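The next block is my_file_36.csv, given as CSV, C-alpha atoms.
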chain,number,residue,atom,x,y,z
C,1,MET,CA,-26.3,105.2,190.8
C,2,ASN,CA,-25.9,107.7,188.0
C,3,GLN,CA,-22.9,109.4,186.6
C,4,GLY,CA,-20.6,108.3,189.4
C,5,PHE,CA,-22.8,109.7,192.3
C,6,SER,CA,-24.9,108.0,194.9
C,7,TYR,CA,-28.4,109.0,196.1
C,8,LYS,CA,-30.4,108.5,199.1
C,9,PRO,CA,-32.1,105.0,199.0
C,10,PRO,CA,-35.8,104.6,199.3
C,11,PRO,CA,-37.1,104.0,202.9
C,12,LEU,CA,-38.2,100.5,202.1
C,13,LEU,CA,-34.6,99.6,201.1
C,14,SER,CA,-33.3,100.6,204.5
C,15,ILE,CA,-35.7,98.0,206.0
C,16,LEU,CA,-34.7,95.2,203.5
C,17,SER,CA,-31.0,95.9,203.2
C,18,PRO,CA,-29.9,93.7,206.2
C,19,PHE,CA,-31.5,90.7,204.5
C,20,LEU,CA,-30.0,91.3,201.0
C,21,PRO,CA,-26.9,89.2,200.0
C,22,ILE,CA,-23.5,90.9,199.8
C,23,PHE,CA,-21.7,90.7,196.5
C,24,ASN,CA,-17.9,90.9,196.7
C,25,GLY,CA,-16.0,92.3,193.7
C,26,VAL,CA,-17.3,92.2,190.2
C,27,GLY,CA,-19.3,89.3,188.7
C,28,LYS,CA,-17.9,87.2,185.9
C,29,ARG,CA,-20.0,88.8,183.2
C,30,GLU,CA,-19.0,92.4,184.3
C,31,GLU,CA,-15.4,91.3,184.7
C,32,SER,CA,-15.1,90.1,181.1
C,33,TYR,CA,-16.8,93.2,179.9
C,34,LEU,CA,-14.4,95.4,181.8
C,35,MET,CA,-11.4,93.5,180.6
C,36,ASP,CA,-12.5,94.2,177.0
C,37,GLU,CA,-13.1,97.8,177.6
C,38,CYS,CA,-10.2,98.8,179.8
C,39,GLU,CA,-6.5,98.7,179.3
C,40,GLY,CA,-5.9,97.6,182.9
C,41,VAL,CA,-8.4,96.4,185.6
C,42,GLN,CA,-7.8,96.0,189.3
C,43,LEU,CA,-10.5,94.5,191.4
C,44,ILE,CA,-11.4,95.9,194.9
C,45,HIS,CA,-12.4,93.2,197.3
C,46,SER,CA,-14.2,94.2,200.5
C,47,GLU,CA,-16.9,92.9,202.8
C,48,GLU,CA,-19.3,95.8,201.9
C,49,ILE,CA,-20.3,97.6,198.7
C,50,PRO,CA,-19.1,101.2,199.0
C,51,LEU,CA,-22.0,103.4,197.9
C,52,ASP,CA,-20.4,106.7,198.7
C,53,TYR,CA,-17.0,106.5,197.1
C,54,GLY,CA,-17.4,107.5,193.5
C,55,GLY,CA,-19.8,105.0,192.0
C,56,PRO,CA,-18.2,102.8,189.3
C,57,GLU,CA,-14.7,104.2,190.3
C,58,ALA,CA,-15.1,102.3,193.5
C,59,TYR,CA,-15.0,99.0,191.6
C,60,ILE,CA,-12.2,99.6,189.2
C,61,SER,CA,-9.1,101.8,188.9
C,62,TYR,CA,-7.0,102.3,185.8
C,63,THR,CA,-3.4,101.2,186.1
C,64,PRO,CA,-0.5,100.5,183.7
C,65,HIS,CA,-0.3,97.1,181.9
C,66,GLU,CA,2.4,95.9,184.4
C,67,TRP,CA,-0.3,95.3,187.1
C,68,TYR,CA,-1.2,92.0,185.4
C,69,LYS,CA,2.2,90.5,186.0
C,70,SER,CA,1.8,90.7,189.8
C,71,ALA,CA,-2.0,90.4,190.1
C,72,LYS,CA,-3.2,87.3,191.8
C,73,ARG,CA,-5.9,86.1,189.4
C,74,SER,CA,-7.1,82.6,188.8
C,75,LEU,CA,-6.2,82.7,185.1
C,76,VAL,CA,-2.5,83.4,185.9
C,77,TYR,CA,-2.4,80.5,188.3
C,78,ALA,CA,-3.9,78.1,185.8
C,79,ILE,CA,-1.2,78.9,183.2
C,80,GLU,CA,1.6,78.5,185.8
C,81,GLU,CA,0.3,75.1,186.9
C,82,GLU,CA,0.3,73.8,183.3
C,83,GLU,CA,3.9,75.0,182.7
C,84,GLU,CA,5.1,73.3,185.9
C,85,ASP,CA,3.5,70.0,184.9
C,86,GLU,CA,5.3,70.1,181.5
C,87,ILE,CA,8.7,70.8,183.2
C,88,GLU,CA,8.1,67.9,185.7
C,89,MET,CA,7.6,65.5,182.8
C,90,GLU,CA,10.8,66.6,181.1
C,91,ILE,CA,13.1,66.2,184.1
C,92,GLN,CA,12.0,62.7,185.1
C,93,TYR,CA,15.0,61.0,183.5
C,94,ASN,CA,18.1,59.2,184.9
C,95,GLN,CA,21.0,60.4,182.8
C,96,PRO,CA,23.5,57.7,181.8
C,97,LEU,CA,27.2,58.0,182.7
C,98,ILE,CA,29.0,60.5,180.6
C,99,PRO,CA,32.5,59.4,179.5
C,100,HIS,CA,35.3,61.6,181.0
C,101,LYS,CA,37.1,61.5,177.7
C,102,PRO,CA,36.4,60.3,174.1
C,103,LEU,CA,36.0,56.5,174.0
C,104,SER,CA,39.1,54.6,172.8
C,105,LEU,CA,40.2,51.1,172.3
C,106,LEU,CA,43.2,52.0,174.4
C,107,TRP,CA,41.1,51.8,177.5
C,108,ILE,CA,38.0,49.9,176.4
C,109,SER,CA,38.9,46.4,175.4
C,110,SER,CA,35.6,44.7,175.0
C,111,LYS,CA,32.1,45.5,173.7
C,112,SER,CA,30.6,44.6,177.1
C,113,GLU,CA,32.3,47.7,178.6
C,114,MET,CA,30.1,49.9,176.5
C,115,LEU,CA,27.2,49.1,178.9
C,116,ARG,CA,28.9,51.4,181.4
C,117,TYR,CA,27.7,54.4,179.3
C,118,ASP,CA,24.3,53.0,178.5
C,119,ILE,CA,20.9,53.9,180.0
C,120,ALA,CA,19.4,51.7,182.7
C,121,LEU,CA,17.1,48.9,181.7
C,122,PRO,CA,13.3,49.8,181.6
C,123,GLU,CA,11.1,48.7,184.5
C,124,ILE,CA,8.8,46.8,182.1
C,125,MET,CA,10.7,44.6,179.7
C,126,PRO,CA,9.4,43.7,176.3
C,127,THR,CA,7.5,40.4,176.4
C,128,PRO,CA,5.7,38.4,173.7
C,129,SER,CA,2.3,37.0,174.2
C,130,LEU,CA,2.0,33.6,175.9
C,131,SER,CA,-0.1,32.3,172.9
C,132,LEU,CA,2.8,33.1,170.5
C,133,ILE,CA,5.3,31.4,172.7
C,134,ARG,CA,3.1,28.2,172.9
C,135,THR,CA,2.5,28.3,169.2
C,136,GLY,CA,6.3,28.5,168.6
C,137,LEU,CA,6.9,25.6,170.9
C,138,SER,CA,4.3,23.5,169.1
C,139,ARG,CA,5.9,24.2,165.8
C,140,PHE,CA,9.5,23.7,167.0
C,141,PRO,CA,9.5,21.4,170.1
C,142,PRO,CA,12.5,21.8,172.5
C,143,PRO,CA,15.4,19.8,170.9
C,144,ARG,CA,17.1,17.0,172.7
C,145,THR,CA,20.4,17.9,174.3
C,146,SER,CA,22.4,14.7,174.0
C,147,GLY,CA,26.0,14.9,172.9
C,148,VAL,CA,25.2,13.5,169.5
C,149,MET,CA,22.4,16.0,168.9
C,150,CYS,CA,24.5,19.0,169.9
C,151,SER,CA,27.7,18.0,168.2
C,152,GLY,CA,27.0,19.9,165.1
C,153,VAL,CA,25.3,22.9,166.7
C,154,PRO,CA,27.4,26.1,166.6
C,155,LYS,CA,27.8,27.9,170.0
C,156,LEU,CA,25.5,30.8,170.7
C,157,GLU,CA,28.5,33.1,171.2
C,158,TYR,CA,29.6,32.4,167.6
C,159,LEU,CA,26.1,33.0,166.3
C,160,LEU,CA,25.9,36.4,168.1
C,161,ASP,CA,29.3,37.5,166.9
C,162,THR,CA,28.1,36.7,163.3
C,163,GLN,CA,24.6,37.9,164.1
C,164,VAL,CA,22.0,38.4,161.5
C,165,SER,CA,21.4,42.1,160.9
C,166,THR,CA,17.7,42.9,160.6
C,167,PHE,CA,15.9,45.5,158.6
C,168,LEU,CA,12.2,46.2,158.5
C,169,SER,CA,11.3,46.7,154.9
C,170,VAL,CA,8.5,49.2,154.3
C,171,SER,CA,6.9,46.6,152.1
C,172,ALA,CA,6.3,44.4,155.2
C,173,LYS,CA,4.0,47.1,156.5
C,174,GLY,CA,1.2,46.4,154.0
C,175,ALA,CA,0.2,46.9,150.4
C,176,ASP,CA,-0.4,50.6,150.7
C,177,VAL,CA,3.3,51.2,151.4
C,178,GLU,CA,4.2,50.0,147.9
C,179,LYS,CA,3.0,53.4,146.7
C,180,LEU,CA,5.7,54.9,149.0
C,181,VAL,CA,8.3,52.7,147.4
C,182,ASP,CA,7.3,53.9,144.0
C,183,TYR,CA,7.5,57.4,145.3
C,184,LEU,CA,11.1,56.7,146.5
C,185,MET,CA,11.9,55.3,143.0
C,186,ILE,CA,11.0,58.7,141.6
C,187,TYR,CA,13.2,60.5,144.0
C,188,ILE,CA,16.3,58.3,143.4
C,189,ASP,CA,15.5,57.9,139.7
C,190,VAL,CA,17.3,54.6,139.3
C,191,LEU,CA,16.3,54.3,135.6
C,192,SER,CA,18.2,57.3,134.4
C,193,THR,CA,21.9,57.7,134.0
C,194,LEU,CA,23.7,59.2,137.0
C,195,PRO,CA,25.4,62.5,136.1
C,196,ARG,CA,29.1,62.5,136.5
C,197,GLY,CA,29.1,65.4,138.8
C,198,LEU,CA,26.9,63.6,141.3
C,199,SER,CA,28.7,60.3,141.3
C,200,SER,CA,30.6,61.1,144.5
C,201,LEU,CA,27.5,62.4,146.3
C,202,SER,CA,26.6,60.8,149.6
C,203,PRO,CA,23.3,60.7,151.5
C,204,ASP,CA,24.2,63.0,154.4
C,205,CYS,CA,21.0,63.6,156.3
C,206,PRO,CA,20.3,67.1,157.7
C,207,ASN,CA,19.5,67.7,161.4
C,208,PRO,CA,15.9,66.8,162.2
C,209,PRO,CA,13.4,69.3,163.6
C,210,PHE,CA,14.0,69.8,167.3
C,211,ASN,CA,12.0,67.2,169.0
C,212,PRO,CA,14.1,65.2,171.6
C,213,LEU,CA,11.2,63.0,172.6
C,214,MET,CA,10.6,61.9,169.0
C,215,THR,CA,14.3,61.4,168.2
C,216,LEU,CA,14.9,59.6,171.5
C,217,ASP,CA,17.8,61.9,172.4
C,218,HIS,CA,17.6,60.8,176.0
C,219,LEU,CA,19.3,57.6,174.9
C,220,PRO,CA,23.1,57.8,174.7
C,221,PHE,CA,23.4,56.6,171.1
C,222,SER,CA,22.8,60.2,169.9
C,223,ALA,CA,25.9,61.5,171.8
C,224,LEU,CA,28.1,58.5,171.3
C,225,SER,CA,27.4,57.5,167.7
C,226,ASP,CA,30.8,58.8,166.5
C,227,GLN,CA,32.5,56.6,169.2
C,228,PHE,CA,30.9,53.2,168.5
C,229,LEU,CA,34.3,51.3,168.7
C,230,PHE,CA,32.9,47.9,168.0
C,231,TYR,CA,30.4,48.7,165.2
C,232,LYS,CA,31.2,46.9,161.9
C,233,PRO,CA,29.8,47.3,158.4
C,234,GLU,CA,26.6,45.2,158.1
C,235,LYS,CA,27.4,43.7,154.7
C,236,ALA,CA,24.5,41.2,155.0
C,237,LEU,CA,22.1,44.1,154.3
C,238,THR,CA,23.7,44.8,150.9
C,239,GLU,CA,21.1,42.7,149.1
C,240,HIS,CA,18.2,44.6,150.7
C,241,LEU,CA,19.8,47.9,149.6
C,242,LEU,CA,20.4,46.8,146.1
C,243,LYS,CA,16.8,45.4,145.8
C,244,ILE,CA,15.6,49.0,146.2
C,245,GLY,CA,18.1,50.2,143.7
C,246,ARG,CA,17.4,47.4,141.3
C,247,LYS,CA,20.5,47.2,139.1
C,248,GLU,CA,22.5,50.0,140.8
C,249,THR,CA,25.8,49.5,142.7
C,250,VAL,CA,26.2,50.3,146.4
C,251,GLU,CA,28.2,53.5,145.5
C,252,GLY,CA,25.7,54.5,142.8
C,253,MET,CA,22.9,53.9,145.3
C,254,GLY,CA,24.6,56.2,147.8
C,255,ALA,CA,24.8,59.0,145.1
C,256,ARG,CA,21.2,58.6,144.2
C,257,LEU,CA,20.1,58.6,147.8
C,258,GLY,CA,22.1,61.8,148.2
C,259,GLN,CA,20.0,63.3,145.4
C,260,ALA,CA,16.9,62.1,147.1
C,261,ILE,CA,17.8,63.7,150.4
C,262,ARG,CA,18.6,67.0,148.6
C,263,ALA,CA,15.3,66.9,146.7
C,264,ALA,CA,13.3,66.2,149.8
C,265,SER,CA,15.0,68.9,151.7
C,266,MET,CA,14.3,71.5,149.0
C,267,GLY,CA,10.7,70.5,148.9
C,268,GLY,CA,10.0,72.0,152.3
C,269,ASP,CA,7.6,69.2,153.3
C,270,GLN,CA,9.2,67.5,156.3
C,271,SER,CA,6.8,64.5,155.9
C,272,GLU,CA,8.6,63.6,152.7
C,273,MET,CA,11.9,63.2,154.4
C,274,TRP,CA,11.4,60.0,156.3
C,275,LEU,CA,11.5,57.4,153.5
C,276,PRO,CA,14.8,58.7,151.9
C,277,ALA,CA,16.2,59.0,155.4
C,278,VAL,CA,15.4,55.4,156.3
C,279,VAL,CA,16.9,54.0,153.1
C,280,SER,CA,20.0,56.3,153.5
C,281,ALA,CA,20.4,54.8,157.0
C,282,LEU,CA,20.4,51.4,155.4
C,283,TYR,CA,23.2,52.6,153.1
C,284,TRP,CA,25.3,53.8,156.0
C,285,ARG,CA,24.8,50.5,157.9
C,286,VAL,CA,26.2,48.7,154.9
C,287,ALA,CA,29.1,51.2,154.7
C,288,GLY,CA,29.7,50.8,158.4
C,289,ASP,CA,29.3,54.5,159.4
C,290,SER,CA,27.3,54.4,162.6
C,291,GLU,CA,27.4,58.2,163.0
C,292,LYS,CA,25.8,59.0,159.7
C,293,ALA,CA,23.3,56.1,160.1
C,294,VAL,CA,22.2,57.5,163.4
C,295,GLU,CA,21.8,61.0,161.9
C,296,CYS,CA,19.5,59.6,159.2
C,297,LEU,CA,17.5,57.5,161.7
C,298,ARG,CA,17.0,60.5,163.9
C,299,LEU,CA,15.6,62.4,160.9
C,300,ALA,CA,13.4,59.4,160.0
C,301,LEU,CA,12.0,59.2,163.6
C,302,ALA,CA,11.3,63.0,163.6
C,303,THR,CA,9.4,62.9,160.3
C,304,SER,CA,7.9,59.4,160.0
C,305,PRO,CA,4.1,58.9,160.1
C,306,PRO,CA,3.2,57.4,163.5
C,307,ASN,CA,2.5,54.0,162.0
C,308,MET,CA,5.9,53.9,160.2
C,309,ARG,CA,8.2,54.8,163.1
C,310,ASP,CA,8.9,51.1,163.7
C,311,VAL,CA,10.9,51.0,160.5
C,312,ALA,CA,13.5,53.4,161.8
C,313,LEU,CA,13.3,51.9,165.3
C,314,VAL,CA,14.3,48.5,164.2
C,315,SER,CA,17.3,49.8,162.3
C,316,LEU,CA,18.3,51.9,165.3
C,317,ALA,CA,18.0,48.9,167.6
C,318,ASN,CA,20.4,47.0,165.4
C,319,VAL,CA,22.9,49.8,165.3
C,320,CYS,CA,22.8,50.1,169.2
C,321,HIS,CA,23.1,46.3,169.5
C,322,GLN,CA,26.1,46.1,167.2
C,323,ALA,CA,27.7,49.0,169.2
C,324,GLY,CA,27.2,47.3,172.6
C,325,LEU,CA,24.5,49.6,173.9
C,326,LEU,CA,22.2,46.7,174.7
C,327,HIS,CA,19.8,48.6,176.9
C,328,SER,CA,19.2,51.3,174.3
C,329,ALA,CA,18.8,48.6,171.7
C,330,LEU,CA,16.1,46.9,173.9
C,331,ILE,CA,14.3,50.1,174.5
C,332,THR,CA,14.1,51.1,170.8
C,333,ALA,CA,13.2,47.5,169.7
C,334,GLY,CA,10.5,47.4,172.5
C,335,ALA,CA,9.0,50.7,171.1
C,336,ALA,CA,8.9,49.0,167.7
C,337,LEU,CA,7.1,46.0,169.2
C,338,ASP,CA,4.5,48.3,170.7
C,339,LEU,CA,3.7,49.7,167.3
C,340,SER,CA,3.8,46.4,165.4
C,341,PRO,CA,3.5,43.3,167.6
C,342,SER,CA,3.3,40.8,164.7
C,343,ILE,CA,6.4,41.7,162.6
C,344,VAL,CA,8.9,38.8,162.5
C,345,SER,CA,12.1,40.9,162.3
C,346,ILE,CA,11.1,42.8,165.5
C,347,HIS,CA,10.7,39.6,167.5
C,348,PHE,CA,14.0,38.2,166.2
C,349,THR,CA,15.8,41.5,166.9
C,350,ILE,CA,14.6,41.5,170.5
C,351,ALA,CA,15.5,37.8,170.9
C,352,ASN,CA,19.1,38.5,169.8
C,353,ILE,CA,19.4,41.5,172.2
C,354,TYR,CA,18.3,39.3,175.1
C,355,SER,CA,20.8,36.6,174.1
C,356,SER,CA,23.6,39.2,174.1
C,357,MET,CA,22.5,40.3,177.6
C,358,GLY,CA,22.6,36.6,178.8
C,359,ASP,CA,18.9,36.6,179.5
C,360,PHE,CA,18.2,33.3,177.8
C,361,GLU,CA,14.7,32.8,179.2
C,362,ARG,CA,13.4,36.0,177.6
C,363,ALA,CA,15.5,35.3,174.5
C,364,LEU,CA,13.9,31.8,174.1
C,365,ASN,CA,10.4,33.4,174.5
C,366,PHE,CA,11.1,35.7,171.6
C,367,TYR,CA,12.8,33.1,169.4
C,368,TYR,CA,9.6,31.0,169.9
C,369,SER,CA,7.4,33.9,169.1
C,370,THR,CA,9.5,34.5,165.9
C,371,ILE,CA,8.9,30.9,164.9
C,372,ALA,CA,5.2,31.2,165.6
C,373,LEU,CA,5.0,34.1,163.2
C,374,GLN,CA,7.2,32.4,160.6
C,375,SER,CA,7.7,28.7,161.1
C,376,THR,CA,10.4,28.4,158.5
C,377,PHE,CA,12.7,31.0,160.0
C,378,GLU,CA,15.9,28.9,160.4
C,379,PRO,CA,18.1,31.5,162.2
C,380,ALA,CA,15.7,31.5,165.2
C,381,LYS,CA,15.6,27.7,165.3
C,382,GLU,CA,19.4,27.6,165.2
C,383,ARG,CA,19.7,29.9,168.2
C,384,VAL,CA,17.1,27.8,170.1
C,385,ARG,CA,19.3,24.8,169.6
C,386,ALA,CA,22.3,26.6,170.8
C,387,ILE,CA,20.6,27.8,174.0
C,388,TYR,CA,19.3,24.3,174.7
C,389,CYS,CA,22.6,22.6,174.0
C,390,PHE,CA,25.0,25.0,175.7
C,391,HIS,CA,23.0,27.1,178.2
C,392,GLU,CA,20.6,24.6,179.8
C,393,GLY,CA,17.7,25.9,177.8
C,394,GLU,CA,15.3,23.1,179.0
C,395,LYS,CA,15.0,24.8,182.4
C,396,TYR,CA,13.7,28.1,181.1
C,397,ASN,CA,10.3,27.3,179.6
C,398,ARG,CA,8.9,24.8,182.0
C,399,HIS,CA,6.2,27.2,183.0
C,400,VAL,CA,5.1,27.5,179.3
C,401,LEU,CA,4.9,23.8,178.8
C,402,ILE,CA,2.4,23.3,181.6
Mind turning this structure into structure tokens?
Amino acid sequence: MNQGFSYKPPPLLSILSPFLPIFNGVGKREESYLMDECEGVQLIHSEEIPLDYGGPEAYISYTPHEWYKSAKRSLVYAIEEEEEDEIEMEIQYNQPLIPHKPLSLLWISSKSEMLRYDIALPEIMPTPSLSLIRTGLSRFPPPRTSGVMCSGVPKLEYLLDTQVSTFLSVSAKGADVEKLVDYLMIYIDVLSTLPRGLSSLSPDCPNPPFNPLMTLDHLPFSALSDQFLFYKPEKALTEHLLKIGRKETVEGMGARLGQAIRAASMGGDQSEMWLPAVVSALYWRVAGDSEKAVECLRLALATSPPNMRDVALVSLANVCHQAGLLHSALITAGAALDLSPSIVSIHFTIANIYSSMGDFERALNFYYSTIALQSTFEPAKERVRAIYCFHEGEKYNRHVLI
């Protein structure tokens, strides 16, 4: 072919043509070339190669750009399949019950009623390793349950009502994290005098970057944090907060953390937000403001390095536990356990959640794993005694003692 016209083929080709393969459409190499050269390309598929209908014009025709939207090409199909897969992943979620009106003590009389608005329990429950359970049992054998032995043991219900708040310090994550603590000290500047104009500043965390999977917005704590009727100030964490602030007061620490949040926000680097956000959440837990604590923890979850997410997850599990959202608490604490399976505070947090759920077998397993990781951890031993004395604890771990 030449210049769009066809010519009579040689006689030999007439003899060989029935044995030649038929090529349908344009090959991949020609197709990519035509796509680069033409504004619009439309393939003509047929059982024969038309030799007498305009040469190259028989293969392509020039059409407006809109043709590509309706053209049935393999590339378009591939993109659509990927988008459908992403949508399917996003909608696989059982939404918890939404309250028909704002939660109020007028019609919610006990913390256990908060479970109505919690998410369902996960199919796979957090579990410690069998070796940790057995190590804990060897270090703290099951106590005797005679009347004399149990006379001075406080009941588990009392221990849970006055439960120990847990906080995963960044220093527990390794020596390298001490550099981050020093970095935070620069931000809050505890060694300088606090300006009078900033003394009333509070660490209000900004909204995190939109990433619902990272901030766990599928759990109801995000929507209900301003309605945690049974959440109380976690005063036991005051010492942890003031250790970071050295000689600062709680109020002064709040003002300095407010400075830190502002400074980190103005810096433009989202990765610098997580540490001030985690410590600000600790401040709000001491103050008893669950809504502001959750705001800071969502920010920390969205900006934390992957190996530091458990710091925020443990705090979030404690807030949910105190509020009565036990399933959400278990899910977040379980996520922390996946990241750091050997942190004492994570095991103890999960044990307390299981105790509040009345699942004493799993609670004992995690109390024993806590003791395995720290044999002198008295709060775990105290709760083991309470379960054995008042909840027939000896029947739960027979399979472990074999």
Measure the distance from CA of Ser110 (chain C) to CA of Pro220 (chain C) in Å and round it to one decimal. 18.1 Å
Hey, what's within 12 Å of Thr376 (chain C) if we count only C-alpha atoms and toss same-chain stuff fewer than 4 positions away? As a PyMOL selection string, please? chain C and resi 136+139-140+344+368+370-372+380-382
As a PyMOL selection string, please: the residues near Ser304 (chain C) (cut-off 12 Å, all atoms listed in the file, same-chain neighbours under 3 positions excluded). chain C and resi 170+208-209+214-215+269-278+296-301+307-313
List as number ranges by chain: which residues have an atom within 9 Å of (34.3, 55.6, 173.7), counting only C-alpha atoms? C: 99, 101-105, 107-108, 114, 117, 224, 226-229
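Of note, CA of Asp204 (chain C) and CA of Gly254 (chain C) are spaced 9.5 Å apart.
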Identify, on the basis of all atoms listed in the file, every residue whose closest approach to Gln322 (chain C) does not exceed 8 Å; exclude the query and any residue fewer than 2 positions from it along the same chain; express the result as a PyMOL selection string. chain C and resi 230-232+318-320+324-325
Excluding same-chain residues fewer than 2 positions from Phe167 (chain C), what lies within 8 Å of it counting all atoms listed in the file, as number ranges by chain? C: 165, 169, 237, 311, 314-315, 345
Could you work out how far CA of Ala281 (chain C) lies from CA of Leu241 (chain C), giving the answer in Å with one decimal? 10.1 Å
From the options C:Met357, C:Glu251, C:Ile387, C:Leu330, which residue's atoms come nearest to Thr127 (chain C), counting only C-alpha atoms? C:Leu330
Around the point (24.1, 28.7, 169.5) in the file's coordinates, collect all residues with an atom within 10 Å, using only C-alpha atoms, and return them as a PyMOL selection string. chain C and resi 150+153-160+355+379-391
Counting all atoms listed in the file, the option among C:Ala323, C:Ala287, C:Val164, C:Ile343 closest to Gln374 (chain C):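 That would be C:Ile343, the residue with the smallest distance to Gln374 (chain C).
Remark: for Asp289 (chain C), the closest of the candidate residues C:Ser340, C:Ser202, C:Gln259, C:Asn352 is C:Ser202 (distances computed over all atoms listed in the file).
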